[in-house]
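Text of data05.tsv (TSV, C-alpha atoms) as supplied:
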chain	number	residue	atom	x	y	z
A	781	MET	CA	24.65	-26.70	-54.93
A	782	LYS	CA	22.77	-23.38	-55.11
A	783	LEU	CA	20.43	-21.98	-52.48
A	784	TYR	CA	17.93	-19.23	-53.31
A	785	CYS	CA	17.45	-17.24	-50.13
A	786	ASN	CA	17.57	-13.93	-48.29
A	787	ILE	CA	20.88	-13.06	-46.63
A	788	GLU	CA	21.72	-10.40	-44.08
A	789	VAL	CA	25.41	-9.85	-43.35
A	790	ASN	CA	26.89	-8.84	-40.00
A	791	ASN	CA	30.45	-7.54	-40.24
A	792	ARG	CA	32.07	-8.20	-36.87
A	793	VAL	CA	34.63	-5.38	-37.05
A	794	SER	CA	34.96	-5.21	-33.26
A	795	SER	CA	32.99	-5.89	-30.14
A	796	THR	CA	31.70	-2.31	-30.14
A	797	ASN	CA	31.37	-1.68	-33.86
A	798	ILE	CA	29.12	-4.05	-35.79
A	799	ILE	CA	28.23	-3.13	-39.35
A	800	ARG	CA	24.94	-4.66	-40.54
A	801	ARG	CA	23.92	-4.95	-44.16
A	802	LYS	CA	20.16	-5.36	-44.63
A	803	SER	CA	18.71	-8.60	-45.95
A	804	GLN	CA	19.03	-9.04	-49.71
A	805	ARG	CA	17.61	-11.48	-52.21
A	806	SER	CA	20.54	-13.82	-52.91
A	807	ILE	CA	21.98	-16.97	-54.41
A	808	LEU	CA	24.43	-18.83	-52.18
A	809	ALA	CA	26.40	-21.58	-53.91
A	810	ILE	CA	28.96	-24.20	-52.78
A	811	GLY	CA	31.58	-25.31	-55.28
A	812	ARG	CA	35.21	-26.08	-56.03
A	813	HIS	CA	37.56	-23.24	-56.89
A	814	THR	CA	39.58	-25.15	-59.52
A	815	VAL	CA	39.33	-28.38	-61.51
A	816	LYS	CA	42.26	-30.03	-59.78
A	817	GLY	CA	41.77	-28.60	-56.31
A	818	ASN	CA	39.30	-29.79	-53.71
A	819	ASP	CA	39.10	-26.54	-51.74
A	820	LEU	CA	35.48	-25.51	-51.24
A	821	TYR	CA	34.17	-21.94	-51.51
A	822	PHE	CA	30.91	-20.05	-51.17
A	823	LEU	CA	29.72	-17.71	-53.90
A	824	TRP	CA	27.28	-15.10	-52.56
A	825	GLN	CA	25.48	-13.26	-55.34
A	826	THR	CA	22.85	-10.50	-55.17
A	827	LEU	CA	21.06	-8.22	-57.62
A	828	GLN	CA	23.33	-5.40	-56.48
A	829	ASN	CA	26.50	-7.51	-56.84
A	830	LYS	CA	25.94	-9.79	-59.80
A	831	GLN	CA	29.59	-10.92	-59.93
A	832	GLY	CA	29.31	-12.07	-56.34
A	833	ILE	CA	31.67	-12.48	-53.40
A	834	LYS	CA	33.66	-15.66	-52.76
A	835	TYR	CA	34.32	-16.99	-49.27
A	836	LYS	CA	36.65	-19.86	-48.47
A	837	ILE	CA	34.98	-22.71	-46.58
A	838	ASP	CA	37.82	-25.02	-45.49
A	839	ASN	CA	39.16	-24.04	-42.05
A	840	ASN	CA	37.30	-20.73	-42.34
A	841	ILE	CA	33.94	-21.43	-40.67
A	842	ASP	CA	33.94	-20.68	-36.97
A	843	LYS	CA	30.43	-21.91	-36.25
A	844	ILE	CA	27.09	-22.79	-37.82
A	845	PHE	CA	23.97	-21.72	-35.91
A	846	SER	CA	21.06	-23.97	-36.89
A	847	LYS	CA	18.79	-23.84	-33.83
A	848	PHE	CA	15.97	-22.30	-35.90
A	849	ILE	CA	16.51	-24.29	-39.09
A	850	ASN	CA	12.96	-25.68	-38.82
A	851	GLN	CA	11.81	-22.08	-39.27
A	852	GLY	CA	13.99	-21.66	-42.37
A	853	LYS	CA	16.71	-19.73	-40.53
A	854	ALA	CA	20.43	-20.38	-40.06
A	855	THR	CA	23.65	-18.39	-39.59
A	856	ILE	CA	27.15	-19.18	-40.86
A	857	ARG	CA	29.95	-17.47	-38.94
A	858	LEU	CA	33.10	-16.97	-41.05
A	859	ILE	CA	36.56	-16.37	-39.62
A	860	GLU	CA	37.96	-14.30	-42.50
A	861	PRO	CA	36.46	-11.91	-43.32
A	862	PRO	CA	34.66	-11.61	-39.97
A	863	HIS	CA	31.19	-11.95	-41.48
A	864	ASP	CA	28.03	-13.63	-40.19
A	865	LEU	CA	25.81	-14.79	-43.05
A	866	ILE	CA	22.26	-14.73	-41.65
A	867	ILE	CA	20.17	-16.87	-43.98
A	868	GLN	CA	16.42	-17.17	-44.44
A	869	ALA	CA	15.19	-19.72	-46.98
A	870	ASP	CA	12.76	-22.53	-47.64
A	871	THR	CA	13.17	-25.01	-44.79
A	872	ILE	CA	13.66	-28.11	-46.92
A	873	GLN	CA	16.14	-26.46	-49.27
A	874	LEU	CA	18.05	-24.91	-46.37
A	875	LYS	CA	18.38	-28.26	-44.60
A	876	SER	CA	19.74	-29.87	-47.79
A	877	PHE	CA	22.21	-27.01	-48.25
A	878	MET	CA	23.45	-27.27	-44.66
A	879	ARG	CA	23.84	-31.04	-44.96
A	880	ILE	CA	26.05	-30.65	-48.06
A	881	LEU	CA	28.05	-27.93	-46.30
A	882	LYS	CA	28.69	-30.05	-43.20
A	883	LEU	CA	29.68	-33.07	-45.30
A	884	GLY	CA	32.09	-30.91	-47.28
A	885	MET	CA	33.62	-29.40	-44.14
A	886	SER	CA	34.18	-32.83	-42.57
A	887	LYS	CA	35.62	-34.26	-45.83
A	888	GLN	CA	32.94	-36.97	-45.78
A	889	MET	CA	31.95	-36.09	-49.33
A	890	ASP	CA	33.94	-36.31	-52.56
A	891	ALA	CA	34.42	-32.66	-53.53
A	892	SER	CA	34.43	-33.62	-57.21
A	893	VAL	CA	30.66	-34.08	-57.09
A	894	LEU	CA	30.32	-30.32	-56.60
A	895	ALA	CA	30.41	-28.61	-59.98
A	896	ILE	CA	33.07	-25.96	-60.58
A	897	SER	CA	30.40	-24.02	-62.47
A	898	ASN	CA	28.66	-23.38	-59.16
A	899	LEU	CA	31.21	-20.62	-58.55
A	900	ASN	CA	30.40	-18.92	-61.84
A	901	PRO	CA	27.96	-16.02	-61.48
A	902	VAL	CA	24.51	-16.77	-62.87
A	903	ARG	CA	21.87	-14.40	-64.18
A	904	MET	CA	19.90	-13.16	-61.21
A	905	ALA	CA	16.88	-13.01	-63.51
A	906	SER	CA	16.71	-16.77	-63.09
A	907	VAL	CA	15.93	-16.37	-59.39
A	908	PRO	CA	12.40	-17.67	-58.70
A	909	LYS	CA	9.78	-14.99	-58.16
A	910	ILE	CA	9.15	-13.95	-54.61
A	911	LYS	CA	5.86	-12.29	-55.62
A	912	VAL	CA	3.17	-14.40	-57.28
A	913	VAL	CA	-0.07	-12.90	-58.60
A	914	VAL	CA	-2.82	-15.05	-60.10
A	915	ASN	CA	-5.54	-13.01	-61.80
A	916	LYS	CA	-7.44	-15.76	-63.61
A	917	SER	CA	-8.57	-19.23	-62.64
A	918	SER	CA	-7.07	-20.53	-65.89
A	919	GLU	CA	-3.63	-19.33	-64.72
A	920	TYR	CA	-3.79	-21.16	-61.40
A	921	PRO	CA	-0.74	-23.50	-60.99
A	922	ILE	CA	-2.70	-26.59	-60.00
A	923	LEU	CA	-0.05	-29.14	-61.00
A	924	GLU	CA	3.26	-27.29	-60.63
A	925	GLY	CA	2.31	-25.43	-57.44
A	926	PHE	CA	3.81	-22.18	-56.19
A	927	PRO	CA	7.58	-21.57	-55.97
A	928	ARG	CA	8.85	-22.49	-52.51
A	929	THR	CA	10.54	-19.09	-52.34
A	930	THR	CA	7.25	-17.17	-52.63
A	931	GLU	CA	7.02	-14.33	-50.11
A	932	GLU	CA	3.97	-12.51	-51.47
A	933	LEU	CA	0.97	-14.43	-52.83
A	934	TYR	CA	-2.12	-12.76	-54.33
A	935	LEU	CA	-5.05	-15.03	-55.23
A	936	VAL	CA	-7.76	-12.41	-55.65
A	937	GLY	CA	-11.19	-12.79	-57.27
A	938	LEU	CA	-10.78	-16.42	-58.34
A	939	ASP	CA	-14.10	-17.65	-56.91
A	940	ARG	CA	-12.28	-20.29	-54.86
A	941	LYS	CA	-14.45	-22.14	-52.34
A	942	SER	CA	-11.66	-23.75	-50.32
A	943	PHE	CA	-8.21	-22.94	-49.01
A	944	ASP	CA	-5.39	-24.40	-51.12
A	945	ARG	CA	-3.15	-26.44	-48.79
A	946	GLN	CA	-0.24	-25.91	-51.19
A	947	ILE	CA	0.08	-22.52	-49.50
A	948	LEU	CA	1.15	-24.20	-46.27
A	949	ARG	CA	4.43	-25.25	-47.94
A	950	LEU	CA	5.49	-21.64	-48.46
A	951	GLN	CA	7.64	-21.18	-45.38
A	952	SER	CA	8.92	-17.77	-46.55
A	953	LEU	CA	5.43	-16.33	-47.07
A	954	ARG	CA	5.01	-12.82	-45.63
A	955	ILE	CA	1.90	-11.53	-47.43
A	956	LEU	CA	-1.16	-13.59	-48.33
A	957	ASN	CA	-4.14	-12.02	-50.11
A	958	LEU	CA	-7.16	-14.29	-50.61
A	959	SER	CA	-9.75	-11.54	-50.96
A	960	ASN	CA	-12.85	-11.73	-53.13
A	961	ASN	CA	-13.28	-15.52	-53.08
A	962	ARG	CA	-15.79	-17.83	-51.40
A	963	ILE	CA	-13.59	-19.39	-48.75
A	964	SER	CA	-15.52	-20.41	-45.62
A	965	SER	CA	-12.81	-21.98	-43.42
A	966	LEU	CA	-9.07	-21.96	-42.90
A	967	PRO	CA	-6.81	-24.81	-41.70
A	968	LYS	CA	-5.14	-24.77	-38.32
A	969	GLU	CA	-1.73	-25.00	-40.02
A	970	LEU	CA	-2.13	-21.52	-41.52
A	971	GLY	CA	-1.28	-20.15	-38.09
A	972	SER	CA	2.05	-22.00	-38.19
A	973	LEU	CA	3.55	-20.07	-41.12
A	974	GLN	CA	6.59	-18.56	-39.44
A	975	HIS	CA	6.88	-15.31	-41.39
A	976	LEU	CA	3.27	-14.41	-42.25
A	977	GLN	CA	2.74	-10.71	-41.46
A	978	GLU	CA	-0.21	-9.65	-43.62
A	979	LEU	CA	-3.38	-11.67	-44.23
A	980	ASN	CA	-6.27	-10.35	-46.34
A	981	LEU	CA	-9.45	-12.45	-46.15
A	982	SER	CA	-11.94	-9.75	-47.12
A	983	GLN	CA	-14.94	-10.56	-49.32
A	984	ASN	CA	-15.19	-14.24	-48.48
A	985	CYS	CA	-17.68	-16.42	-46.59
A	986	LEU	CA	-16.12	-16.57	-43.15
A	987	ASP	CA	-19.55	-16.21	-41.55
A	988	LYS	CA	-19.85	-19.97	-42.13
A	989	ALA	CA	-16.61	-20.73	-40.28
A	990	VAL	CA	-17.20	-22.94	-37.24
A	991	LYS	CA	-13.68	-22.87	-35.81
A	992	TRP	CA	-10.92	-20.26	-35.89
A	993	VAL	CA	-8.17	-22.45	-34.42
A	994	TRP	CA	-5.59	-20.97	-36.82
A	995	LEU	CA	-5.70	-17.81	-34.69
A	996	ASP	CA	-4.40	-19.77	-31.71
A	997	GLN	CA	-1.05	-20.90	-33.18
A	998	PRO	CA	2.25	-19.49	-31.81
A	999	ALA	CA	3.66	-18.22	-35.13
A	1000	ILE	CA	0.67	-16.14	-36.18
A	1001	LYS	CA	0.16	-14.79	-32.65
A	1002	ASN	CA	3.69	-13.41	-32.62
A	1003	ASN	CA	4.11	-12.28	-36.25
A	1004	LEU	CA	0.83	-11.20	-37.88
A	1005	LYS	CA	0.65	-7.41	-38.17
A	1006	LEU	CA	-2.32	-6.90	-40.52
A	1007	LEU	CA	-5.58	-8.84	-40.65
A	1008	ASP	CA	-8.48	-7.92	-42.92
A	1009	ILE	CA	-11.76	-9.83	-42.47
A	1010	SER	CA	-14.02	-7.14	-43.93
A	1011	ASP	CA	-17.16	-7.93	-45.92
A	1012	ASN	CA	-17.71	-11.51	-44.71
A	1013	MET	CA	-21.24	-11.18	-43.25
A	1014	LEU	CA	-19.77	-11.87	-39.81
A	1015	THR	CA	-22.15	-11.63	-36.86
A	1016	MET	CA	-19.31	-12.05	-34.33
A	1017	ILE	CA	-15.54	-11.94	-34.09
A	1018	PRO	CA	-13.97	-14.86	-32.20
A	1019	LYS	CA	-12.42	-14.01	-28.84
A	1020	GLU	CA	-9.18	-15.62	-30.05
A	1021	ILE	CA	-8.50	-12.34	-31.87
A	1022	GLY	CA	-7.12	-11.11	-28.55
A	1023	LYS	CA	-4.17	-13.48	-28.90
A	1024	LEU	CA	-2.71	-11.69	-31.93
A	1025	HIS	CA	-0.22	-9.78	-29.81
A	1026	ALA	CA	1.70	-8.37	-32.80
A	1027	ILE	CA	-1.35	-7.07	-34.71
A	1028	VAL	CA	-1.06	-3.40	-35.70
A	1029	ASN	CA	-3.86	-3.03	-38.26
A	1030	PHE	CA	-7.21	-4.83	-37.91
A	1031	LYS	CA	-10.03	-4.39	-40.42
A	1032	ALA	CA	-13.52	-5.79	-39.88
A	1033	SER	CA	-15.75	-3.34	-41.76
A	1034	LYS	CA	-18.84	-4.16	-43.83
A	1035	ASN	CA	-20.06	-7.02	-41.64
A	1036	VAL	CA	-23.14	-7.33	-39.42
A	1037	LEU	CA	-21.43	-7.11	-36.05
A	1038	SER	CA	-23.54	-5.93	-33.13
A	1039	TYR	CA	-20.68	-6.17	-30.61
A	1040	LEU	CA	-16.92	-6.74	-30.44
A	1041	PRO	CA	-15.09	-9.21	-28.15
A	1042	GLN	CA	-13.68	-7.90	-24.87
A	1043	SER	CA	-10.34	-9.51	-25.79
A	1044	LEU	CA	-9.88	-6.78	-28.41
A	1045	GLY	CA	-8.68	-4.47	-25.66
A	1046	SER	CA	-5.76	-6.76	-24.82
A	1047	LEU	CA	-3.93	-6.13	-28.11
A	1048	PRO	CA	-0.86	-4.12	-27.03
A	1049	ASN	CA	0.33	-3.10	-30.52
A	1050	LEU	CA	-3.01	-2.32	-32.20
A	1051	LYS	CA	-2.89	1.14	-33.81
A	1052	TYR	CA	-5.44	1.05	-36.65
A	1053	LEU	CA	-8.95	-0.34	-36.19
A	1054	ASP	CA	-11.68	-0.23	-38.83
A	1055	VAL	CA	-15.11	-1.54	-37.74
A	1056	SER	CA	-17.17	0.80	-39.91
A	1057	LYS	CA	-20.41	-0.20	-41.65
A	1058	ASN	CA	-21.58	-2.71	-39.06
A	1059	LYS	CA	-24.46	-2.74	-36.56
A	1060	LEU	CA	-22.47	-2.04	-33.41
A	1061	LYS	CA	-24.58	-1.03	-30.42
A	1062	TYR	CA	-21.63	-0.42	-28.11
A	1063	LEU	CA	-17.87	-0.97	-27.80
A	1064	PRO	CA	-16.11	-3.26	-25.33
A	1065	GLY	CA	-14.92	-1.46	-22.22
A	1066	SER	CA	-11.50	-3.10	-22.57
A	1067	MET	CA	-10.85	-0.81	-25.55
A	1068	ARG	CA	-10.28	1.96	-23.02
A	1069	ASN	CA	-6.77	0.48	-22.73
A	1070	LEU	CA	-5.97	1.04	-26.41
A	1071	ARG	CA	-4.00	3.97	-27.78
A	1072	LEU	CA	-5.00	3.97	-31.43
A	1073	ILE	CA	-3.73	6.20	-34.19
A	1074	LEU	CA	-6.95	5.79	-36.21
A	1075	LEU	CA	-10.38	4.45	-35.26
A	1076	ASP	CA	-13.10	4.16	-37.91
A	1077	VAL	CA	-16.62	3.50	-36.56
A	1078	CYS	CA	-18.68	5.14	-39.32
A	1079	GLU	CA	-22.20	3.86	-40.03
A	1080	ASN	CA	-22.91	2.09	-36.74
A	1081	LYS	CA	-25.94	2.48	-34.48
A	1082	PHE	CA	-24.43	2.79	-31.00
A	1083	ASP	CA	-27.88	2.76	-29.41
A	1084	GLY	CA	-26.80	0.57	-26.49
A	1085	GLU	CA	-28.87	-2.16	-24.86
A	1086	ASN	CA	-31.30	-2.21	-21.96
A	1087	VAL	CA	-29.64	-4.90	-19.87
A	1088	ASN	CA	-29.52	-5.31	-16.11
A	1089	PHE	CA	-26.27	-7.00	-15.08
A	1090	VAL	CA	-26.37	-9.11	-11.92
A	1091	THR	CA	-22.71	-9.34	-10.92
A	1092	ASP	CA	-20.62	-8.35	-7.95
A	1093	ILE	CA	-17.05	-8.07	-6.70
A	1094	ASP	CA	-16.24	-10.91	-4.33
A	1095	VAL	CA	-13.24	-12.54	-2.68
A	1096	LEU	CA	-11.08	-13.99	-5.45
A	1097	LYS	CA	-10.82	-17.73	-5.81
A	1098	LEU	CA	-7.37	-19.29	-6.13
A	1099	VAL	CA	-7.96	-20.22	-9.79
A	1100	GLU	CA	-8.91	-16.63	-10.58
A	1101	CYS	CA	-5.78	-15.28	-8.87
A	1102	ALA	CA	-3.63	-17.67	-10.91
A	1103	GLY	CA	-5.46	-16.82	-14.13
A	1104	LYS	CA	-5.02	-13.08	-13.60
A	1105	SER	CA	-1.29	-13.58	-12.99
A	1106	ILE	CA	-0.83	-15.63	-16.17
A	1107	LEU	CA	-2.65	-13.13	-18.38
A	1108	LYS	CA	-1.01	-10.07	-16.85
A	1109	ALA	CA	2.42	-11.61	-17.48
A	1110	ARG	CA	1.34	-12.55	-21.05
A	1111	LEU	CA	2.55	-16.11	-20.55
A	1112	SER	CA	1.85	-18.47	-23.44
A	1113	TYR	CA	-0.36	-21.48	-22.78
A	1114	ASP	CA	-2.22	-24.21	-24.63
A	1115	ALA	CA	-3.66	-27.68	-24.06
A	1116	SER	CA	-0.16	-29.21	-24.21
A	1117	THR	CA	0.93	-27.38	-21.05
A	1118	ILE	CA	-2.26	-27.05	-18.99
A	1119	PRO	CA	-5.63	-28.91	-18.94
A	1120	LEU	CA	-8.09	-27.93	-21.67
A	1121	THR	CA	-10.61	-26.77	-19.06
A	1122	LEU	CA	-8.10	-24.18	-17.86
A	1123	VAL	CA	-7.35	-23.10	-21.42
A	1124	LYS	CA	-11.06	-22.39	-21.91
A	1125	TYR	CA	-11.17	-20.63	-18.55
A	1126	LEU	CA	-8.30	-18.30	-19.50
A	1127	ASP	CA	-9.72	-17.69	-22.97
A	1128	ALA	CA	-13.02	-16.56	-21.42
A	1129	ALA	CA	-11.40	-13.74	-19.43
A	1130	LYS	CA	-12.99	-10.30	-19.37
A	1131	TYR	CA	-10.90	-7.16	-19.15
A	1132	CYS	CA	-11.44	-4.29	-16.77
A	1133	VAL	CA	-11.18	-0.73	-18.07
A	1134	CYS	CA	-7.92	-0.53	-16.08
A	1135	GLY	CA	-6.46	-3.29	-18.23
A	1136	ASN	CA	-6.49	-6.11	-15.69
A	1137	PRO	CA	-8.25	-9.40	-16.53
A	1138	CYS	CA	-11.17	-10.67	-14.46
A	1139	PHE	CA	-13.21	-13.87	-14.46
A	1140	ASP	CA	-15.99	-14.39	-11.90
A	1141	SER	CA	-15.57	-11.39	-9.63
A	1142	TYR	CA	-16.45	-8.10	-11.30
A	1143	ARG	CA	-19.08	-5.45	-11.83
A	1144	ARG	CA	-20.47	-4.72	-15.27
A	1145	LYS	CA	-22.07	-1.55	-16.51
A	1146	PHE	CA	-22.57	0.52	-19.68
A	1147	VAL	CA	-20.59	3.75	-19.44
A	1148	GLU	CA	-20.30	6.45	-22.08
A	1149	PHE	CA	-16.82	7.62	-23.08
A	1150	LEU	CA	-15.45	9.98	-25.69
A	1151	LEU	CA	-13.93	8.11	-28.63
A	1152	THR	CA	-11.01	10.53	-28.62
A	1153	THR	CA	-9.86	8.98	-25.34
A	1154	ILE	CA	-8.73	5.87	-27.20
A	1155	ALA	CA	-7.70	7.25	-30.62
A	1156	ASN	CA	-5.81	10.24	-31.96
A	1157	SER	CA	-8.01	10.36	-35.05
A	1158	VAL	CA	-11.64	9.18	-35.17
A	1159	LYS	CA	-13.95	8.65	-38.14
A	1160	SER	CA	-17.59	8.46	-37.11
A	1161	SER	CA	-21.05	9.34	-38.32
A	1162	GLY	CA	-21.69	12.02	-35.74
A	1163	HIS	CA	-20.98	9.80	-32.74
A	1164	ILE	CA	-18.46	11.45	-30.42
A	1165	THR	CA	-19.54	9.76	-27.19
A	1166	VAL	CA	-20.65	6.12	-27.34
A	1167	PRO	CA	-21.62	3.44	-24.79
A	1168	PHE	CA	-18.91	1.04	-23.65
A	1169	ASP	CA	-19.72	-2.35	-22.12
A	1170	CYS	CA	-17.41	-2.07	-19.11
A	1171	TYR	CA	-16.16	-4.62	-16.61
A	1172	PHE	CA	-14.71	-3.41	-13.31
A	1173	CYS	CA	-12.35	-5.66	-11.37
A	1174	SER	CA	-12.44	-3.68	-8.13
A	1175	SER	CA	-14.44	-1.11	-6.21
A	1176	ASN	CA	-11.65	1.37	-6.89
A	1177	CYS	CA	-12.14	1.00	-10.66
A	1178	VAL	CA	-15.89	1.46	-10.24
A	1179	ARG	CA	-15.26	4.67	-8.29
A	1180	ILE	CA	-12.78	6.03	-10.86
A	1181	PHE	CA	-14.41	5.04	-14.16
A	1182	ALA	CA	-18.08	4.18	-13.71
A	1183	ARG	CA	-19.44	7.59	-12.90
A	1184	VAL	CA	-17.32	9.94	-14.97
A	1185	LYS	CA	-17.37	10.63	-18.68
A	1186	TYR	CA	-13.89	10.91	-20.16
Rendering of file as structure tokens:
Amino acid sequence: MKLYCNIEVNNRVSSTNIIRRKSQRSILAIGRHTVKGNDLYFLWQTLQNKQGIKYKIDNNIDKIFSKFINQGKATIRLIEPPHDLIIQADTIQLKSFMRILKLGMSKQMDASVLAISNLNPVRMASVPKIKVVVNKSSEYPILEGFPRTTEELYLVGLDRKSFDRQILRLQSLRILNLSNNRISSLPKELGSLQHLQELNLSQNCLDKAVKWVWLDQPAIKNNLKLLDISDNMLTMIPKEIGKLHAIVNFKASKNVLSYLPQSLGSLPNLKYLDVSKNKLKYLPGSMRNLRLILLDVCENKFDGENVNFVTDIDVLKLVECAGKSILKARLSYDASTIPLTLVKYLDAAKYCVCGNPCFDSYRRKFVEFLLTTIANSVKSSGHITVPFDCYFCSSNCVRIFARVKY
């Protein structure tokens, strides 16, 4: 049996000297070494080593780590040489491979069913593509689908109106580009793709999207690093954007946004933010907590709003104390662990300019700040100081931030 996968090798030379070889596109095969013998071997083959390396299986596997096999990950620890084969592959194919391996190790399978030819090097050109680009609707693989090993998928300018659920089978997918289509909604399961790091949804029809539940799934919250929702005629960005804790680059230019969600300021890894060519009147005060490398706010109004806020700082209720503790500790939560009413309560949190969350007890005020206080490099249309819609969780924060321009 052959498994198309990515393999990273750890060479356990000693407890203090571990040599790591970066992940490589590979073929890992199980087969017999000779016609008459039943001894099983691995053949690990890469583009760099087309002849491959053979590893004995019988009495040579110390342990198999399969805790994360449902995420397409497993590790095989060999005794000699002292190598750990760290495997990432399609979940279904990996499970089948591991089942054959365990049957072979326990002698519960007739070794003769494994072809000797499995241990003969094959042309690496036969490895399925990991990058798939579809430029024309006529080339779309409607019947055959996409290779399960696809890591980069580009479906650009195909005038598609709906999301293709075939994509959800691509458990190795890292980059997904659906730009320049007419997609108006995305399925919840999109947020469950374990390795998705870049998602381009620009030039679609997301302004018609009613729900953004895909943003609230554990995998995408912890892995997505780039999100592009530019040019979608969006009038608002859902507050769930604040749950993308791994996001580094967020693009939302060329929409009709008049404000940004306060949850934007709770993104600890955000470094690049592009909200140019919108209708922004002010920025959320929570953004004072960001330390951006680049902020692009060109072609926005920033004329503020004449609003009188009737709020005050009061004695905290028990539920607010608990909510602040959960959010400050960045604990994960959903309707499976706490009541839905509390999920909605936590999702509706505001963020003080000091970084702390607040719910019912706060003061709110527009305060002008220099954009250079939150970004090393700023692109703007003459706006250096802009109004921020600020929440203050305490009298001390009001005293420090509300009266001084920074």
Please compute the CA of Ile1154 (chain A)-CA of Asn1069 (chain A) distance, one decimal, in Å.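 Interatomic distance here is 7.3 Å.
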Please report, as JSON lines, each residue of region 1060-1084 of chain A lying at most 9 Å from region 1133-1153 of chain A, together with the nearest pair of atoms and the separation in Å rounded to one decimal; use all atoms listed in the file, and order rows by chain and ascending residue number.
{"residue": "A:Tyr1062", "atom": "CA", "partner": "A:Phe1146", "partner_atom": "CA", "distance": 8.5}
{"residue": "A:Gly1065", "atom": "CA", "partner": "A:Val1133", "partner_atom": "CA", "distance": 5.6}
{"residue": "A:Ser1066", "atom": "CA", "partner": "A:Val1133", "partner_atom": "CA", "distance": 5.1}
{"residue": "A:Met1067", "atom": "CA", "partner": "A:Val1133", "partner_atom": "CA", "distance": 7.5}
{"residue": "A:Arg1068", "atom": "CA", "partner": "A:Val1133", "partner_atom": "CA", "distance": 5.7}
{"residue": "A:Asn1069", "atom": "CA", "partner": "A:Gly1135", "partner_atom": "CA", "distance": 5.9}
{"residue": "A:Leu1070", "atom": "CA", "partner": "A:Thr1153", "partner_atom": "CA", "distance": 8.9}
{"residue": "A:Arg1071", "atom": "CA", "partner": "A:Thr1153", "partner_atom": "CA", "distance": 8.1}
{"residue": "A:Leu1075", "atom": "CA", "partner": "A:Leu1151", "partner_atom": "CA", "distance": 8.4}
{"residue": "A:Gly1084", "atom": "CA", "partner": "A:Phe1146", "partner_atom": "CA", "distance": 8.0}
Spatial neighbours of Ser1010 (chain A), 9 Å, all atoms listed in the file, chain gap at least 3 places, as a list in words: Asn980, Leu981, Ser982, Gln983, Asn984, Met1013, Leu1014, Lys1031, Ala1032, Ser1033, Lys1034, Asn1035, Asp1054 and Val1055 of chain A
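You will find CA of His813 (chain A) at 27.7 Å from CA of Gly852 (chain A).
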Which residue out of A:Arg1179, A:Lys853, A:Arg962, A:Lys1023 has the minimum interatomic distance to Leu1111 (chain A) when all atoms listed in the file are used?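 Residue with the minimum atom-to-atom distance to Leu1111 (chain A): A:Lys1023.
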Counting all atoms listed in the file, the residue of A:Met885, A:Ile787, A:Leu1072, A:Val936 that sits nearest Asn915 (chain A):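 Of all the options, A:Val936 lies closest to Asn915 (chain A).
Rounded to one decimal, CA of Ser806 (chain A) and CA of Tyr835 (chain A) lie 14.6 Å from each other.
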Would you mind listing what lies within 9 Å of region 857-867 of chain A as a PyMOL selection string, with all atoms listed in the file counted and same-chain residues fewer than 6 positions away left out? chain A and resi 785-793+803+835-837+839-845+874
Given all atoms listed in the file as the basis, pick out the residue of A:Ala1109, A:Asn960, A:Asp987, A:Gln1042 nearest to Asp1127 (chain A).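 Of A:Ala1109, A:Asn960, A:Asp987, A:Gln1042, the one nearest Asp1127 (chain A), counting all atoms listed in the file, is A:Gln1042.
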Selection: 10 Å around region 991-1000 of chain A, all atoms listed in the file, excl. self and same-chain fewer than 4 positions, as a PyMOL selection string: chain A and resi 851+965-978+986+1004-1005+1017-1027+1112-1114
Which residues are near Ser952 (chain A)? Cut-off 7 Å, all atoms listed in the file, ignore same chain within fewer than 4 positions. Put them as a compact mmCIF listing (two decimals) with C-alpha atoms, in the frame of the given file.
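Okay, this is what ended up in result-v1.txt:
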# COMPACT_ATOMS: atom_id res chain seq x y z
CA ALA A 869 15.19 -19.72 -46.98
CA ASP A 870 12.76 -22.53 -47.64
CA THR A 929 10.54 -19.09 -52.34
CA THR A 930 7.25 -17.17 -52.63
CA GLU A 931 7.02 -14.33 -50.11
CA HIS A 975 6.88 -15.31 -41.39
